[in-house]
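Step one of this worksheet: look at the structure below.
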Amino acid sequence: MTEAPGEGHHAAHTWQEARQRAFDAATPIPPGPVPLAKALGRTLASDARAIQDMPHYASSAMDGWAVNGTGPWILSEPGQRLAPHQASPIVTGGLIPPGAKAVLRSESGVITTDDDGLPVLALGGAAKPGEPRNGQHIRRAAEEAAEGDVLLKAGTRLNPAHIALAALAGLDHVDVLGKPLVRFLLTGSEVVERGIPQPGQVRDTFGPQLGAVVELLGGIASEQLRVGDSYEEWMAALQDTEPEPGGPDAETEPPADVVVTTGGTGRSGTDHFRRAVAELGGRLLIDGIAMRPGHPAVLAELPDGRFVVGLPGNPLAAMMALFTVAAPLLAALGHGRLAEVGEVPCGTTIDAEPGRTRLMPFKLVYGLASPAQHAGPGMMRGLAGADGVLIVPPHGVQLGELVPAFPLPWGKPLPVPKAAEDKARKTPARPQRKAPAGPVDWSGLDA
Ligand SMILES: Nc1nc2c(c(=O)[nH]1)N[C@H]1C(S)=C(S)[C@@H](COP(=O)(O)OP(=O)(O)OC[C@H]3O[C@@H](n4cnc5c(N)ncnc54)[C@H](O)[C@@H]3O)O[C@H]1N2
Ligand code: MOO
């Protein structure tokens, strides 16, 4: 923390360049299979089809008897082929025996004796007229889907019912679009995880929020590793983020695609990000951004393909760096798009600050953006109460002027500015397409 990174002594990227560069650095992670237990929220890369008829055998929908022909029925052993006027006991879900034409519910039949005193099944008091109809209470094979039918279309974002359907179809895995796995390396000997921090100590603000935010940004949040401030710890941790080949975690924990580090982005003796990356043979893709807060933010790529996002230690600065660098990177890795920047009318005049973009958490007050108080680089209060973040250009903003902004990953979308809304209203509605003649094809709504 001796020099001012990005403050003149090396060429920092503009905010816009940094965002685009982070997005362009990555290509989408290829699709692959995931077990159903990990498929929630994932996007199907290819159609999921029935691998056999569903159900794959005819079964009973009721407890009772499988019957052939009209009663009374002579009882035979369960599972045996039924000749006309024969019946055998069956339970719900039981396999329909060959020769059975229907199932008689238990409440519709009685076991009685025939003239010779032999046990027979006869219709009982609760039987409805005409019972059992041919096929009654039999769940036919392929009633839900025939082998090869598309159950879920490529592009479906999997919800619990989709996953249950895949399980019902007998699938153990589904083919989904790649999604970046993110590990965290939280650094700083002064950082404490619980209790009241002593002078010189600081409560960890990253552990409690980074995983959740990374998930909202389209990543899979994996474990957090905590180290102190020594270079050796940094090196060991950056090397050590892979599960040991053949080790206990190797099966369950695939290698990370991204490592997010916190702290150590400055240039003092205890700030090791750049040196550690260089020693590991990595290269810096972004080294400082002309923005405030968060200017020391770094993005690097290691020879093993992992990206390392270096967030500054100051809490608000880190979140602004996360939104600027990690959000586009995760979008690119996860088959997403670079989010468009919105606009909000500004409720105040913000003076120029040449050479850097300022990211300011704001609250909407009567539709106008008002920069939040308590938004110093080390604070969280402003962001915690904010509706979004203003991207204030170096030349400042005039009162009432539209200013670029982005919403928070956990918040509501930005309101559409009135000017844009009025324009949309004035644009004549597109002429309705004529409905096609003939029956409507609803097949696109299936699955
Ligand atoms: N001479 C200069 N000093 C500093 C400059 C500069 O340009 N010249 N930039 C300042 C800015 S801006 C930032 S941001 C920080 C960047 O610091 P580092 O990334 O090296 O982070 P540290 O020095 O390790 O920590 C900074 C600050 O953040 C606190 N911290 C760290 N981890 C956590 C955590 N998990 N939860 C809460 N707070 C955390 C740490 O205690 C420090 O107070 O450098 C400035 N200095
Ligand atoms: O830019 Mo620092 O990143 O202000 O806190």
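FYI, nothing fancy with the structure tokens labels: chains A, B, ... in order, residues from 1 per chain, ligands from 1 as they appear.
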Requested in this report: Report the residues of region 148-286 of chain A whose backbone DSSP state falls under alpha helix (DSSP H), written as JSON, numbers by chain.
Outcome: {"A": [160, 161, 162, 163, 164, 165, 166, 167, 168, 210, 211, 212, 213, 214, 215, 216, 231, 232, 233, 234, 235, 236, 237, 238, 239, 273, 274, 275, 276, 277, 278, 279]}
Output C-alpha atoms for every residue in that selection, as a CSV table (one decimal), in the first residue's frame.
chain,number,residue,atom,x,y,z
A,160,PRO,CA,-37.3,-29.5,-9.3
A,161,ALA,CA,-40.2,-31.0,-11.4
A,162,HIS,CA,-37.9,-31.2,-14.5
A,163,ILE,CA,-35.4,-33.1,-12.4
A,164,ALA,CA,-38.1,-35.4,-11.0
A,165,LEU,CA,-39.2,-36.1,-14.6
A,166,ALA,CA,-35.7,-36.9,-15.6
A,167,ALA,CA,-35.5,-39.3,-12.7
A,168,LEU,CA,-38.8,-40.9,-13.6
A,210,LEU,CA,-19.1,-13.5,-1.9
A,211,GLY,CA,-20.5,-17.0,-2.4
A,212,ALA,CA,-24.1,-15.7,-2.6
A,213,VAL,CA,-23.2,-12.9,-5.0
A,214,VAL,CA,-21.1,-15.3,-7.2
A,215,GLU,CA,-24.2,-17.6,-7.4
A,216,LEU,CA,-26.4,-14.7,-8.4
A,231,TYR,CA,3.9,-14.7,0.4
A,232,GLU,CA,4.4,-18.4,1.1
A,233,GLU,CA,0.7,-18.7,2.2
A,234,TRP,CA,-0.4,-17.0,-1.0
A,235,MET,CA,1.6,-19.2,-3.2
A,236,ALA,CA,0.6,-22.4,-1.4
A,237,ALA,CA,-3.1,-21.4,-1.5
A,238,LEU,CA,-3.1,-20.4,-5.2
A,239,GLN,CA,-1.3,-23.7,-6.1
A,273,PHE,CA,-1.1,-10.9,-5.9
A,274,ARG,CA,1.0,-9.9,-8.8
A,275,ARG,CA,4.2,-11.7,-7.6
A,276,ALA,CA,2.4,-14.9,-6.9
A,277,VAL,CA,0.7,-14.9,-10.4
A,278,ALA,CA,4.0,-14.2,-12.1
A,279,GLU,CA,5.8,-17.0,-10.2
Identify, on the basis of only C-alpha atoms, every residue whose closest approach to Val202 (chain A) does not exceed 7 Å; exclude the query and any residue fewer than 5 positions from it along the same chain; express the result as a tab-separated table (two decimals) with N, CA and C atoms, in the first residue's frame.
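out26.tsv, freshly written:
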chain	number	residue	atom	x	y	z
A	190	GLU	N	-5.32	-9.76	9.69
A	190	GLU	CA	-6.13	-8.96	10.63
A	190	GLU	C	-7.62	-9.33	10.56
A	191	VAL	N	-7.96	-10.21	9.62
A	191	VAL	CA	-9.38	-10.51	9.38
A	191	VAL	C	-9.86	-11.59	10.34
A	192	VAL	N	-10.94	-11.31	11.07
A	192	VAL	CA	-11.50	-12.33	11.98
A	192	VAL	C	-12.91	-12.69	11.52
A	197	PRO	N	-14.32	-7.46	16.67
A	197	PRO	CA	-12.89	-7.30	16.34
A	197	PRO	C	-12.21	-6.31	17.28
**Report entry** Surroundings of ligand 2 up to 7 Å, based on only C-alpha atoms and all ligand atoms, as a list in words
**Finding:** Arg292, Pro293, Gly294, His295, Pro296, Pro312, Asn314, Leu316, Ala317, Ala318, Pro377 and Gly378 of chain A
With N, CA and C atoms retained, write the just-selected residues as a compact mmCIF listing (two decimals), in the first residue's frame.
# COMPACT_ATOMS: atom_id res chain seq x y z
N ARG A 292 -13.16 4.35 -9.25
CA ARG A 292 -13.07 4.53 -7.81
C ARG A 292 -14.41 4.19 -7.21
N PRO A 293 -14.51 3.39 -6.18
CA PRO A 293 -13.40 2.65 -5.60
C PRO A 293 -13.13 1.39 -6.40
N GLY A 294 -12.06 0.71 -6.05
CA GLY A 294 -11.75 -0.57 -6.67
C GLY A 294 -10.66 -0.52 -7.69
N HIS A 295 -9.92 0.61 -7.78
CA HIS A 295 -8.95 0.74 -8.88
C HIS A 295 -7.84 -0.31 -8.89
N PRO A 296 -7.45 -0.92 -7.72
CA PRO A 296 -6.36 -1.90 -7.84
C PRO A 296 -6.81 -3.27 -8.38
N PRO A 312 -9.72 -5.91 -4.40
CA PRO A 312 -9.06 -5.15 -3.35
C PRO A 312 -9.66 -5.49 -1.99
N ASN A 314 -10.53 -3.47 0.53
CA ASN A 314 -11.58 -2.61 1.05
C ASN A 314 -12.95 -3.13 0.62
N LEU A 316 -16.20 -2.18 0.05
CA LEU A 316 -17.01 -1.67 -1.06
C LEU A 316 -16.22 -1.72 -2.36
N ALA A 317 -14.92 -1.42 -2.27
CA ALA A 317 -14.05 -1.47 -3.45
C ALA A 317 -14.09 -2.86 -4.05
N ALA A 318 -14.07 -3.87 -3.19
CA ALA A 318 -14.07 -5.25 -3.67
C ALA A 318 -15.37 -5.57 -4.42
N PRO A 377 -14.84 3.51 0.57
CA PRO A 377 -14.32 2.22 0.08
C PRO A 377 -14.36 1.10 1.11
N GLY A 378 -14.28 1.48 2.40
CA GLY A 378 -14.25 0.45 3.44
C GLY A 378 -15.61 0.20 4.06
Query raised in the report: Quick one, how far is CA of Asp53 (chain A) from CA of Glu144 (chain A)?
Result: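 It comes out at 7.9 Å.
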Query raised in the report: Which neighbours of Pro89 (chain A) fall inside 9 Å, counting only C-alpha atoms, when residues of the same chain fewer than 5 positions from it are skipped, and could you give them as a PyMOL selection string?
Result: chain A and resi 63-67+75-79
Requested in this report: Quick one: pull the distance between CA of Leu330 (chain A) and atom 12 (S, counted along the ligand's line) of ligand 1, Å, one decimal.
Outcome: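 Atom-to-atom, CA of Leu330 (chain A) to atom 12 (S, counted along the ligand's line) of ligand 1, that is 24.0 Å.
From CA of His85 (chain A) back to CA of Ile138 (chain A), the distance works out to 17.6 Å.
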Query raised in the report: DSSP says strand (DSSP E) for which residues of region 199-411 of chain A? Put them as a PyMOL selection string?
Result: chain A and resi 202-203+220-227+258-262+283-287+291-292+298-301+307-311+342-345+357-365+368-371+388-392+402-407
